[in-house]
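Pasted below: work-v4.cif, mmCIF, N, CA and C atoms.
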data_coords
#
loop_
_atom_site.label_atom_id
_atom_site.label_comp_id
_atom_site.auth_asym_id
_atom_site.auth_seq_id
_atom_site.Cartn_x
_atom_site.Cartn_y
_atom_site.Cartn_z
N MET G 7 0.81 -1.19 0.00
CA MET G 7 0.00 0.00 0.00
C MET G 7 0.85 1.25 0.00
N LYS G 8 1.88 1.25 0.83
CA LYS G 8 2.72 2.44 0.95
C LYS G 8 3.36 2.77 -0.41
N GLY G 9 3.90 1.78 -1.08
CA GLY G 9 4.52 1.99 -2.38
C GLY G 9 3.52 2.48 -3.42
N GLU G 10 2.32 1.93 -3.37
CA GLU G 10 1.29 2.32 -4.33
C GLU G 10 0.91 3.79 -4.16
N ASN G 11 0.72 4.24 -2.91
CA ASN G 11 0.38 5.64 -2.65
C ASN G 11 1.50 6.56 -3.08
N GLY G 12 2.73 6.15 -2.81
CA GLY G 12 3.86 6.98 -3.21
C GLY G 12 3.93 7.13 -4.72
N LEU G 13 3.67 6.06 -5.43
CA LEU G 13 3.68 6.09 -6.89
C LEU G 13 2.54 6.97 -7.40
N LYS G 14 1.38 6.81 -6.80
CA LYS G 14 0.23 7.62 -7.19
C LYS G 14 0.55 9.11 -7.02
N GLY G 15 1.13 9.44 -5.90
CA GLY G 15 1.47 10.83 -5.62
C GLY G 15 2.45 11.40 -6.64
N ARG G 16 3.43 10.59 -7.01
CA ARG G 16 4.42 11.05 -7.98
C ARG G 16 3.83 11.20 -9.37
N LEU G 17 2.93 10.34 -9.73
CA LEU G 17 2.31 10.42 -11.05
C LEU G 17 1.38 11.62 -11.16
N ALA G 18 0.76 12.01 -10.06
CA ALA G 18 -0.21 13.09 -10.08
C ALA G 18 0.46 14.46 -10.14
N VAL G 19 1.71 14.56 -9.78
CA VAL G 19 2.38 15.86 -9.74
C VAL G 19 2.84 16.25 -11.15
N LYS G 20 2.30 17.35 -11.63
CA LYS G 20 2.69 17.88 -12.93
C LYS G 20 3.68 19.01 -12.71
N PRO G 21 4.68 19.12 -13.56
CA PRO G 21 5.58 20.26 -13.40
C PRO G 21 4.84 21.56 -13.70
N LYS G 22 5.21 22.59 -13.00
CA LYS G 22 4.57 23.89 -13.21
C LYS G 22 5.05 24.47 -14.54
N PRO G 23 4.15 25.11 -15.28
CA PRO G 23 4.58 25.76 -16.52
C PRO G 23 5.61 26.86 -16.22
N ASN G 24 6.58 26.99 -17.10
CA ASN G 24 7.64 27.98 -16.94
C ASN G 24 7.31 29.21 -17.79
N LEU G 25 7.11 30.34 -17.15
CA LEU G 25 6.83 31.60 -17.84
C LEU G 25 8.09 32.44 -17.86
N LEU G 26 8.43 32.95 -19.03
CA LEU G 26 9.50 33.93 -19.13
C LEU G 26 8.85 35.30 -19.02
N VAL G 27 9.15 36.01 -17.94
CA VAL G 27 8.58 37.32 -17.69
C VAL G 27 9.62 38.37 -18.05
N ALA G 28 9.29 39.17 -19.07
CA ALA G 28 10.17 40.23 -19.53
C ALA G 28 9.62 41.56 -19.00
N ALA G 29 10.28 42.06 -17.95
CA ALA G 29 9.78 43.26 -17.28
C ALA G 29 10.88 43.91 -16.47
N ARG G 30 10.66 45.17 -16.12
CA ARG G 30 11.57 45.83 -15.18
C ARG G 30 11.49 45.08 -13.86
N PRO G 31 12.58 45.04 -13.09
CA PRO G 31 12.59 44.23 -11.85
C PRO G 31 11.43 44.52 -10.90
N ILE G 32 11.08 45.77 -10.69
CA ILE G 32 9.99 46.09 -9.76
C ILE G 32 8.66 45.56 -10.28
N VAL G 33 8.47 45.59 -11.58
CA VAL G 33 7.23 45.09 -12.18
C VAL G 33 7.22 43.56 -12.16
N ALA G 34 8.39 42.96 -12.41
CA ALA G 34 8.49 41.49 -12.37
C ALA G 34 8.11 40.97 -10.99
N ALA G 35 8.52 41.67 -9.93
CA ALA G 35 8.18 41.25 -8.57
C ALA G 35 6.66 41.34 -8.36
N ALA G 36 6.04 42.39 -8.85
CA ALA G 36 4.59 42.53 -8.72
C ALA G 36 3.86 41.46 -9.54
N LEU G 37 4.38 41.16 -10.73
CA LEU G 37 3.79 40.11 -11.56
C LEU G 37 3.87 38.75 -10.88
N ARG G 38 5.00 38.50 -10.24
CA ARG G 38 5.20 37.24 -9.52
C ARG G 38 4.10 37.07 -8.47
N GLY G 39 3.81 38.14 -7.77
CA GLY G 39 2.75 38.10 -6.76
C GLY G 39 1.38 37.90 -7.37
N ALA G 40 1.12 38.54 -8.49
CA ALA G 40 -0.19 38.43 -9.14
C ALA G 40 -0.42 37.06 -9.76
N LEU G 41 0.64 36.45 -10.27
CA LEU G 41 0.50 35.16 -10.94
C LEU G 41 0.41 33.99 -9.98
N GLY G 42 0.88 34.18 -8.76
CA GLY G 42 0.78 33.13 -7.76
C GLY G 42 1.81 32.03 -7.96
N ASP G 43 1.59 30.92 -7.28
CA ASP G 43 2.59 29.85 -7.29
C ASP G 43 2.21 28.67 -8.19
N SER G 44 1.26 28.87 -9.09
CA SER G 44 0.89 27.77 -9.98
C SER G 44 1.77 27.71 -11.23
N VAL G 45 2.70 28.66 -11.34
CA VAL G 45 3.66 28.68 -12.45
C VAL G 45 5.06 28.97 -11.91
N ARG G 46 6.06 28.54 -12.69
CA ARG G 46 7.45 28.93 -12.40
C ARG G 46 7.71 30.18 -13.23
N ILE G 47 8.43 31.11 -12.64
CA ILE G 47 8.69 32.37 -13.34
C ILE G 47 10.19 32.60 -13.43
N THR G 48 10.64 32.89 -14.63
CA THR G 48 12.01 33.34 -14.86
C THR G 48 11.90 34.77 -15.35
N SER G 49 12.53 35.70 -14.65
CA SER G 49 12.44 37.11 -15.01
C SER G 49 13.69 37.57 -15.73
N VAL G 50 13.49 38.37 -16.76
CA VAL G 50 14.59 39.02 -17.47
C VAL G 50 14.24 40.49 -17.62
N SER G 51 15.27 41.33 -17.63
CA SER G 51 14.99 42.77 -17.72
C SER G 51 15.59 43.42 -18.96
N THR G 52 16.29 42.63 -19.80
CA THR G 52 16.81 43.20 -21.04
C THR G 52 16.47 42.28 -22.21
N LEU G 53 16.43 42.87 -23.38
CA LEU G 53 16.16 42.10 -24.59
C LEU G 53 17.23 41.03 -24.79
N GLY G 54 18.48 41.39 -24.59
CA GLY G 54 19.58 40.43 -24.74
C GLY G 54 19.44 39.24 -23.81
N ASP G 55 19.07 39.49 -22.55
CA ASP G 55 18.89 38.39 -21.59
C ASP G 55 17.71 37.51 -21.99
N ALA G 56 16.65 38.12 -22.50
CA ALA G 56 15.48 37.34 -22.93
C ALA G 56 15.85 36.41 -24.08
N VAL G 57 16.57 36.92 -25.05
CA VAL G 57 16.98 36.10 -26.20
C VAL G 57 17.90 34.98 -25.75
N LYS G 58 18.86 35.28 -24.89
CA LYS G 58 19.78 34.26 -24.38
C LYS G 58 19.01 33.16 -23.64
N HIS G 59 18.05 33.57 -22.83
CA HIS G 59 17.27 32.58 -22.07
C HIS G 59 16.49 31.67 -23.03
N LEU G 60 15.87 32.26 -24.02
CA LEU G 60 15.11 31.46 -24.99
C LEU G 60 16.01 30.50 -25.76
N GLN G 61 17.23 30.91 -26.05
CA GLN G 61 18.17 30.03 -26.76
C GLN G 61 18.60 28.86 -25.90
N ARG G 62 18.70 29.06 -24.58
CA ARG G 62 19.19 28.02 -23.67
C ARG G 62 18.10 27.11 -23.14
N GLN G 63 16.89 27.61 -22.99
CA GLN G 63 15.83 26.85 -22.33
C GLN G 63 14.83 26.30 -23.35
N THR G 64 14.43 25.08 -23.15
CA THR G 64 13.45 24.48 -24.06
C THR G 64 12.08 24.33 -23.40
N ASP G 65 11.97 24.69 -22.14
CA ASP G 65 10.70 24.46 -21.44
C ASP G 65 9.90 25.74 -21.19
N VAL G 66 10.14 26.79 -21.95
CA VAL G 66 9.38 28.03 -21.77
C VAL G 66 7.98 27.80 -22.34
N ALA G 67 6.97 27.90 -21.48
CA ALA G 67 5.59 27.67 -21.90
C ALA G 67 4.93 28.94 -22.43
N MET G 68 5.43 30.10 -22.00
CA MET G 68 4.85 31.38 -22.42
C MET G 68 5.84 32.50 -22.16
N ILE G 69 5.76 33.52 -22.99
CA ILE G 69 6.49 34.75 -22.76
C ILE G 69 5.46 35.80 -22.37
N LEU G 70 5.66 36.41 -21.22
CA LEU G 70 4.80 37.48 -20.73
C LEU G 70 5.65 38.74 -20.69
N CYS G 71 5.32 39.71 -21.51
CA CYS G 71 6.16 40.90 -21.65
C CYS G 71 5.36 42.16 -21.37
N THR G 72 5.95 43.04 -20.59
CA THR G 72 5.29 44.29 -20.26
C THR G 72 5.64 45.39 -21.25
N VAL G 73 4.79 46.38 -21.31
CA VAL G 73 4.92 47.49 -22.26
C VAL G 73 6.27 48.19 -22.13
N TYR G 74 6.70 48.45 -20.91
CA TYR G 74 7.93 49.22 -20.70
C TYR G 74 9.18 48.35 -20.55
N PHE G 75 9.11 47.09 -20.94
CA PHE G 75 10.26 46.19 -20.86
C PHE G 75 11.46 46.78 -21.60
N ASP G 76 12.59 46.85 -20.92
CA ASP G 76 13.87 47.30 -21.51
C ASP G 76 13.68 48.53 -22.39
N GLU G 77 13.18 49.58 -21.76
CA GLU G 77 12.96 50.86 -22.45
C GLU G 77 12.03 50.70 -23.66
N SER G 78 10.92 50.03 -23.43
CA SER G 78 9.85 49.85 -24.41
C SER G 78 10.25 48.99 -25.60
N GLN G 79 10.93 47.88 -25.36
CA GLN G 79 11.32 46.96 -26.43
C GLN G 79 10.41 45.73 -26.51
N MET G 80 9.19 45.88 -26.01
CA MET G 80 8.24 44.78 -26.05
C MET G 80 8.05 44.27 -27.49
N PHE G 81 7.85 45.16 -28.44
CA PHE G 81 7.62 44.73 -29.82
C PHE G 81 8.86 44.12 -30.45
N ASP G 82 10.04 44.58 -30.03
CA ASP G 82 11.28 43.98 -30.53
C ASP G 82 11.40 42.52 -30.07
N LEU G 83 11.10 42.28 -28.79
CA LEU G 83 11.13 40.91 -28.28
C LEU G 83 10.06 40.07 -28.97
N MET G 84 8.90 40.65 -29.20
CA MET G 84 7.84 39.89 -29.86
C MET G 84 8.24 39.50 -31.28
N ARG G 85 8.91 40.37 -32.00
CA ARG G 85 9.36 40.04 -33.36
C ARG G 85 10.33 38.85 -33.34
N VAL G 86 11.28 38.88 -32.40
CA VAL G 86 12.22 37.76 -32.26
C VAL G 86 11.47 36.48 -31.90
N ALA G 87 10.58 36.58 -30.93
CA ALA G 87 9.85 35.39 -30.48
C ALA G 87 8.98 34.81 -31.59
N ARG G 88 8.29 35.63 -32.32
CA ARG G 88 7.41 35.14 -33.39
C ARG G 88 8.22 34.49 -34.51
N LYS G 89 9.42 35.01 -34.78
CA LYS G 89 10.26 34.46 -35.84
C LYS G 89 10.98 33.18 -35.40
N GLU G 90 11.61 33.23 -34.24
CA GLU G 90 12.46 32.12 -33.78
C GLU G 90 11.73 31.08 -32.93
N TYR G 91 10.67 31.48 -32.25
CA TYR G 91 9.97 30.59 -31.32
C TYR G 91 8.45 30.70 -31.52
N PRO G 92 7.97 30.43 -32.71
CA PRO G 92 6.55 30.66 -33.01
C PRO G 92 5.59 29.79 -32.18
N GLY G 93 6.07 28.71 -31.60
CA GLY G 93 5.21 27.84 -30.81
C GLY G 93 5.00 28.31 -29.38
N ILE G 94 5.72 29.34 -28.96
CA ILE G 94 5.58 29.85 -27.59
C ILE G 94 4.61 31.03 -27.61
N PRO G 95 3.50 30.93 -26.89
CA PRO G 95 2.57 32.06 -26.84
C PRO G 95 3.25 33.30 -26.25
N PHE G 96 2.96 34.44 -26.84
CA PHE G 96 3.52 35.72 -26.40
C PHE G 96 2.35 36.57 -25.93
N VAL G 97 2.34 36.91 -24.65
CA VAL G 97 1.28 37.73 -24.08
C VAL G 97 1.88 39.05 -23.64
N CYS G 98 1.31 40.13 -24.14
CA CYS G 98 1.73 41.48 -23.77
C CYS G 98 0.86 41.95 -22.61
N CYS G 99 1.43 42.79 -21.77
CA CYS G 99 0.60 43.33 -20.70
C CYS G 99 1.08 44.71 -20.25
N ARG G 100 0.15 45.43 -19.75
CA ARG G 100 0.43 46.67 -19.01
C ARG G 100 0.03 46.32 -17.60
N PHE G 101 1.00 46.35 -16.70
CA PHE G 101 0.72 45.88 -15.35
C PHE G 101 0.58 47.01 -14.35
N MET G 102 1.39 48.04 -14.50
CA MET G 102 1.36 49.14 -13.54
C MET G 102 0.62 50.33 -14.15
N GLU G 103 -0.05 51.05 -13.29
CA GLU G 103 -0.74 52.26 -13.74
C GLU G 103 0.30 53.23 -14.26
N GLY G 104 0.04 53.83 -15.36
CA GLY G 104 0.98 54.79 -15.94
C GLY G 104 0.21 55.99 -16.44
N ASP G 105 0.89 56.78 -17.18
CA ASP G 105 0.25 57.98 -17.69
C ASP G 105 -0.20 57.82 -19.15
N LEU G 106 -0.48 56.57 -19.53
CA LEU G 106 -0.96 56.32 -20.88
C LEU G 106 -2.43 56.69 -21.00
N ALA G 107 -2.75 57.43 -22.04
CA ALA G 107 -4.15 57.74 -22.32
C ALA G 107 -4.83 56.47 -22.82
N ARG G 108 -6.14 56.40 -22.67
CA ARG G 108 -6.90 55.21 -23.10
C ARG G 108 -6.65 54.92 -24.57
N ILE G 109 -6.56 55.95 -25.39
CA ILE G 109 -6.33 55.74 -26.82
C ILE G 109 -4.96 55.10 -27.07
N SER G 110 -3.99 55.43 -26.23
CA SER G 110 -2.66 54.81 -26.36
C SER G 110 -2.72 53.33 -26.00
N VAL G 111 -3.47 53.00 -24.97
CA VAL G 111 -3.62 51.60 -24.58
C VAL G 111 -4.33 50.84 -25.71
N ASP G 112 -5.36 51.44 -26.27
CA ASP G 112 -6.08 50.81 -27.38
C ASP G 112 -5.15 50.59 -28.58
N ALA G 113 -4.29 51.55 -28.86
CA ALA G 113 -3.34 51.42 -29.97
C ALA G 113 -2.34 50.29 -29.69
N LEU G 114 -1.89 50.17 -28.44
CA LEU G 114 -0.98 49.08 -28.07
C LEU G 114 -1.64 47.72 -28.25
N VAL G 115 -2.90 47.61 -27.88
CA VAL G 115 -3.63 46.36 -28.03
C VAL G 115 -3.70 45.97 -29.51
N ILE G 116 -4.05 46.93 -30.36
CA ILE G 116 -4.16 46.66 -31.80
C ILE G 116 -2.81 46.26 -32.37
N ALA G 117 -1.76 47.01 -32.02
CA ALA G 117 -0.42 46.70 -32.52
C ALA G 117 0.05 45.33 -32.05
N ALA G 118 -0.17 45.02 -30.79
CA ALA G 118 0.27 43.73 -30.24
C ALA G 118 -0.40 42.57 -30.97
N LYS G 119 -1.69 42.67 -31.14
CA LYS G 119 -2.42 41.58 -31.81
C LYS G 119 -2.04 41.49 -33.28
N THR G 120 -1.82 42.63 -33.92
CA THR G 120 -1.41 42.63 -35.33
C THR G 120 -0.05 41.98 -35.52
N LEU G 121 0.85 42.18 -34.57
CA LEU G 121 2.20 41.61 -34.66
C LEU G 121 2.28 40.17 -34.17
N GLY G 122 1.18 39.61 -33.71
CA GLY G 122 1.17 38.20 -33.36
C GLY G 122 1.05 37.84 -31.90
N ALA G 123 0.75 38.81 -31.04
CA ALA G 123 0.56 38.48 -29.63
C ALA G 123 -0.69 37.63 -29.44
N ALA G 124 -0.62 36.69 -28.52
CA ALA G 124 -1.79 35.88 -28.18
C ALA G 124 -2.85 36.74 -27.50
N ALA G 125 -2.37 37.75 -26.74
CA ALA G 125 -3.30 38.62 -26.01
C ALA G 125 -2.55 39.85 -25.52
N PHE G 126 -3.32 40.85 -25.16
CA PHE G 126 -2.81 42.02 -24.44
C PHE G 126 -3.69 42.15 -23.21
N VAL G 127 -3.09 42.05 -22.03
CA VAL G 127 -3.84 42.10 -20.78
C VAL G 127 -3.49 43.41 -20.07
N ASP G 128 -4.52 44.18 -19.76
CA ASP G 128 -4.34 45.50 -19.15
C ASP G 128 -4.77 45.46 -17.68
N MET G 129 -3.81 45.26 -16.79
CA MET G 129 -4.11 45.14 -15.36
C MET G 129 -4.78 46.40 -14.79
N PRO G 130 -4.30 47.62 -15.10
CA PRO G 130 -5.03 48.79 -14.58
C PRO G 130 -6.48 48.83 -15.07
N GLY G 131 -6.72 48.39 -16.30
CA GLY G 131 -8.09 48.33 -16.79
C GLY G 131 -8.91 47.29 -16.04
N LEU G 132 -8.29 46.15 -15.74
CA LEU G 132 -8.99 45.12 -14.96
C LEU G 132 -9.30 45.61 -13.55
N ALA G 133 -8.37 46.34 -12.95
CA ALA G 133 -8.59 46.87 -11.60
C ALA G 133 -9.73 47.88 -11.61
N ALA G 134 -9.80 48.70 -12.65
CA ALA G 134 -10.89 49.68 -12.76
C ALA G 134 -12.23 48.98 -12.96
N GLU G 135 -12.23 47.91 -13.74
CA GLU G 135 -13.48 47.21 -14.05
C GLU G 135 -13.96 46.29 -12.93
N PHE G 136 -13.04 45.54 -12.32
CA PHE G 136 -13.43 44.50 -11.36
C PHE G 136 -13.08 44.84 -9.91
N GLY G 137 -12.32 45.90 -9.68
CA GLY G 137 -11.85 46.22 -8.35
C GLY G 137 -10.51 45.55 -8.09
N ARG G 138 -9.77 46.11 -7.18
CA ARG G 138 -8.41 45.60 -6.90
C ARG G 138 -8.41 44.14 -6.48
N GLY G 139 -9.34 43.73 -5.65
CA GLY G 139 -9.36 42.36 -5.14
C GLY G 139 -9.54 41.31 -6.23
N ALA G 140 -10.42 41.56 -7.16
CA ALA G 140 -10.71 40.58 -8.21
C ALA G 140 -9.79 40.73 -9.42
N ALA G 141 -9.04 41.82 -9.49
CA ALA G 141 -8.20 42.07 -10.67
C ALA G 141 -7.13 40.99 -10.84
N ASN G 142 -6.50 40.54 -9.76
CA ASN G 142 -5.48 39.49 -9.88
C ASN G 142 -6.06 38.21 -10.45
N GLN G 143 -7.26 37.83 -10.00
CA GLN G 143 -7.90 36.63 -10.53
C GLN G 143 -8.19 36.78 -12.02
N GLN G 144 -8.68 37.93 -12.41
CA GLN G 144 -8.97 38.18 -13.82
C GLN G 144 -7.68 38.18 -14.63
N PHE G 145 -6.62 38.77 -14.07
CA PHE G 145 -5.33 38.80 -14.75
C PHE G 145 -4.83 37.37 -14.97
N GLN G 146 -4.85 36.56 -13.90
CA GLN G 146 -4.43 35.15 -14.02
C GLN G 146 -5.26 34.42 -15.06
N ARG G 147 -6.56 34.58 -15.01
CA ARG G 147 -7.45 33.90 -15.95
C ARG G 147 -7.10 34.25 -17.39
N GLN G 148 -6.88 35.54 -17.65
CA GLN G 148 -6.58 35.97 -19.02
C GLN G 148 -5.20 35.52 -19.49
N VAL G 149 -4.23 35.54 -18.59
CA VAL G 149 -2.88 35.10 -18.95
C VAL G 149 -2.85 33.59 -19.12
N PHE G 150 -3.35 32.86 -18.14
CA PHE G 150 -3.28 31.39 -18.15
C PHE G 150 -4.11 30.78 -19.28
N ALA G 151 -5.08 31.50 -19.79
CA ALA G 151 -5.89 31.00 -20.90
C ALA G 151 -5.04 30.73 -22.14
N HIS G 152 -3.84 31.31 -22.20
CA HIS G 152 -2.98 31.16 -23.38
C HIS G 152 -1.84 30.17 -23.16
N LEU G 153 -1.83 29.49 -22.03
CA LEU G 153 -0.84 28.44 -21.81
C LEU G 153 -1.18 27.26 -22.72
N PRO G 154 -0.17 26.62 -23.30
CA PRO G 154 -0.45 25.46 -24.14
C PRO G 154 -1.19 24.37 -23.38
N ALA G 155 -2.09 23.68 -24.06
CA ALA G 155 -2.90 22.63 -23.45
C ALA G 155 -2.05 21.48 -22.91
N ARG G 156 -0.88 21.26 -23.51
CA ARG G 156 -0.02 20.14 -23.09
C ARG G 156 0.57 20.37 -21.72
N ILE G 157 0.49 21.55 -21.19
CA ILE G 157 1.07 21.87 -19.89
C ILE G 157 0.12 21.48 -18.78
#

Show how you would write the structure in this file as structure tokens.
Amino acid sequence: MKGENGLKGRLAVKPKPNLLVAARPIVAAALRGALGDSVRITSVSTLGDAVKHLQRQTDVAMILCTVYFDESQMFDLMRVARKEYPGIPFVCCRFMEGDLARISVDALVIAAKTLGAAAFVDMPGLAAEFGRGAANQQFQRQVFAHLPARI
């Protein structure tokens, strides 16, 4: 019985999906808190580090990139990812409240989707719509919806 339960327990444990989070360090820390412990997170703060990580790692389940990543190089990273790693979903997000006008956020959403992003998730918009307490759950739901089914 003991061996059977141990085997059952080991078979039931799935590895957590590995997300590559491309964000400024302070934003990456906030994202880590919002995403919870159901995923593994590797944070990078420069385009060069993101590309190096993608070249070395084969288990990246998703790239989550913020608008202000490495002095606004979100679209540069997305171009590399779409060309070199087309099987990895790329999700863009605005996580921290900024001074972007609504029309600018709308333009970012259109540009992100046109360039091949799986989604653009706007955390300040979610907080305004659902309240601070429910915003993290909505953020997780929208981000995790783009994780590959095999994970």

Mind telling me what the PyMOL selection byres (((chain G and resi 39-49 and name CA) around 8) and name CA) catches here, as an NGL selection string?
:G and (22-29 or 31 or 34-38 or 50-51 or 142 or 145-146)

Restricting the output to N, CA and C atoms, write the selected residues as a PDB file, keeping the file's coordinate frame.
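Now in part.pdb:
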ATOM      1  N   LYS G  22       5.210  22.590 -13.000  1.00  0.00           N
ATOM      2  CA  LYS G  22       4.570  23.890 -13.210  1.00  0.00           C
ATOM      3  C   LYS G  22       5.050  24.470 -14.540  1.00  0.00           C
ATOM      4  N   PRO G  23       4.150  25.110 -15.280  1.00  0.00           N
ATOM      5  CA  PRO G  23       4.580  25.760 -16.520  1.00  0.00           C
ATOM      6  C   PRO G  23       5.610  26.860 -16.220  1.00  0.00           C
ATOM      7  N   ASN G  24       6.580  26.990 -17.100  1.00  0.00           N
ATOM      8  CA  ASN G  24       7.640  27.980 -16.940  1.00  0.00           C
ATOM      9  C   ASN G  24       7.310  29.210 -17.790  1.00  0.00           C
ATOM     10  N   LEU G  25       7.110  30.340 -17.150  1.00  0.00           N
ATOM     11  CA  LEU G  25       6.830  31.600 -17.840  1.00  0.00           C
ATOM     12  C   LEU G  25       8.090  32.440 -17.860  1.00  0.00           C
ATOM     13  N   LEU G  26       8.430  32.950 -19.030  1.00  0.00           N
ATOM     14  CA  LEU G  26       9.500  33.930 -19.130  1.00  0.00           C
ATOM     15  C   LEU G  26       8.850  35.300 -19.020  1.00  0.00           C
ATOM     16  N   VAL G  27       9.150  36.010 -17.940  1.00  0.00           N
ATOM     17  CA  VAL G  27       8.580  37.320 -17.690  1.00  0.00           C
ATOM     18  C   VAL G  27       9.620  38.370 -18.050  1.00  0.00           C
ATOM     19  N   ALA G  28       9.290  39.170 -19.070  1.00  0.00           N
ATOM     20  CA  ALA G  28      10.170  40.230 -19.530  1.00  0.00           C
ATOM     21  C   ALA G  28       9.620  41.560 -19.000  1.00  0.00           C
ATOM     22  N   ALA G  29      10.280  42.060 -17.950  1.00  0.00           N
ATOM     23  CA  ALA G  29       9.780  43.260 -17.280  1.00  0.00           C
ATOM     24  C   ALA G  29      10.880  43.910 -16.470  1.00  0.00           C
ATOM     25  N   PRO G  31      12.580  45.040 -13.090  1.00  0.00           N
ATOM     26  CA  PRO G  31      12.590  44.230 -11.850  1.00  0.00           C
ATOM     27  C   PRO G  31      11.430  44.520 -10.900  1.00  0.00           C
ATOM     28  N   ALA G  34       8.390  42.960 -12.410  1.00  0.00           N
ATOM     29  CA  ALA G  34       8.490  41.490 -12.370  1.00  0.00           C
ATOM     30  C   ALA G  34       8.110  40.970 -10.990  1.00  0.00           C
ATOM     31  N   ALA G  35       8.520  41.670  -9.930  1.00  0.00           N
ATOM     32  CA  ALA G  35       8.180  41.250  -8.570  1.00  0.00           C
ATOM     33  C   ALA G  35       6.660  41.340  -8.360  1.00  0.00           C
ATOM     34  N   ALA G  36       6.040  42.390  -8.850  1.00  0.00           N
ATOM     35  CA  ALA G  36       4.590  42.530  -8.720  1.00  0.00           C
ATOM     36  C   ALA G  36       3.860  41.460  -9.540  1.00  0.00           C
ATOM     37  N   LEU G  37       4.380  41.160 -10.730  1.00  0.00           N
ATOM     38  CA  LEU G  37       3.790  40.110 -11.560  1.00  0.00           C
ATOM     39  C   LEU G  37       3.870  38.750 -10.880  1.00  0.00           C
ATOM     40  N   ARG G  38       5.000  38.500 -10.240  1.00  0.00           N
ATOM     41  CA  ARG G  38       5.200  37.240  -9.520  1.00  0.00           C
ATOM     42  C   ARG G  38       4.100  37.070  -8.470  1.00  0.00           C
ATOM     43  N   VAL G  50      13.490  38.370 -16.760  1.00  0.00           N
ATOM     44  CA  VAL G  50      14.590  39.020 -17.470  1.00  0.00           C
ATOM     45  C   VAL G  50      14.240  40.490 -17.620  1.00  0.00           C
ATOM     46  N   SER G  51      15.270  41.330 -17.630  1.00  0.00           N
ATOM     47  CA  SER G  51      14.990  42.770 -17.720  1.00  0.00           C
ATOM     48  C   SER G  51      15.590  43.420 -18.960  1.00  0.00           C
ATOM     49  N   ASN G 142      -6.500  40.540  -9.760  1.00  0.00           N
ATOM     50  CA  ASN G 142      -5.480  39.490  -9.880  1.00  0.00           C
ATOM     51  C   ASN G 142      -6.060  38.210 -10.450  1.00  0.00           C
ATOM     52  N   PHE G 145      -6.620  38.770 -14.070  1.00  0.00           N
ATOM     53  CA  PHE G 145      -5.330  38.800 -14.750  1.00  0.00           C
ATOM     54  C   PHE G 145      -4.830  37.370 -14.970  1.00  0.00           C
ATOM     55  N   GLN G 146      -4.850  36.560 -13.900  1.00  0.00           N
ATOM     56  CA  GLN G 146      -4.430  35.150 -14.020  1.00  0.00           C
ATOM     57  C   GLN G 146      -5.260  34.420 -15.060  1.00  0.00           C
TER      58      GLN G 146
END

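CA of Phe75 in chain G sits 7.2 Å away from atom C of Arg30 in chain G.
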
Between atom C of Arg100 in chain G and CA of Leu114 in chain G, what distance in Å does the model show, to one decimal?
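Computed distance, atom C of Arg100 in chain G to CA of Leu114 in chain G, equals 10.9 Å.
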
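Taking atom N of Arg88 in chain G and CA of Asp76 in chain G as endpoints, the distance between them is 16.9 Å.
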
Nearest residue to Glu77 in chain G from the set G:Gly93, G:Leu53, G:Arg62, G:Glu103 (distances using only N, CA and C atoms):
G:Leu53

Find the residue from G:Met102, G:Val57, G:Gly131, G:Ala107 that sits nearest to Val86 in chain G; use all atoms listed in the file when measuring.
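The answer is G:Val57, which sits nearest to Val86 in chain G.
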
Please report, as JSON, numbers by chain, each residue of chain G to which DSSP assigns strand (DSSP E) when run on this structure's backbone.
{"G": [24, 25, 26, 27, 28, 46, 47, 48, 49, 50, 66, 67, 68, 69, 70, 71, 72, 96, 97, 98, 99, 100, 125, 126, 127, 128]}

Can you sort out the box for range 141-148 of chain G, edges along x, y and z, all listed atoms in, 8 Å on every side, with centre and edge lengths in Å to one decimal, as lines of an AutoDock Vina configuration file?
center_x = -6.7
center_y = 38.0
center_z = -14.5
size_x = 20.6
size_y = 24.2
size_z = 26.0

On this structure, which residues satisfy the PyMOL selection byres (((chain G and resi 147-152 and name CA) around 10) and name CA), written as a PyMOL selection string?
chain G and resi 23+41+44-45+67-68+70+94-99+124-128+141-146+153-155

Among listed residues G:Gln61, G:Val33, G:Thr120, G:Phe136, nearest Ala87 in chain G (using only C-alpha atoms):
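Checking each candidate against Ala87 in chain G, we get G:Gln61 as the closest.
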
Quick one: pick out all helix (DSSP H, G or I) residues within range 8-152 of chain G from a backbone DSSP run and write them as a ChimeraX atom specification.
/G:8-18,31-41,53-62,80-90,108-120,129-136,138-150

Pick from G:Leu121, G:Ala133, G:Leu60, G:Val115: nearest to Arg85 in chain G, with all atoms listed in the file counted?
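Closest residue, counting all atoms listed in the file: G:Leu121.
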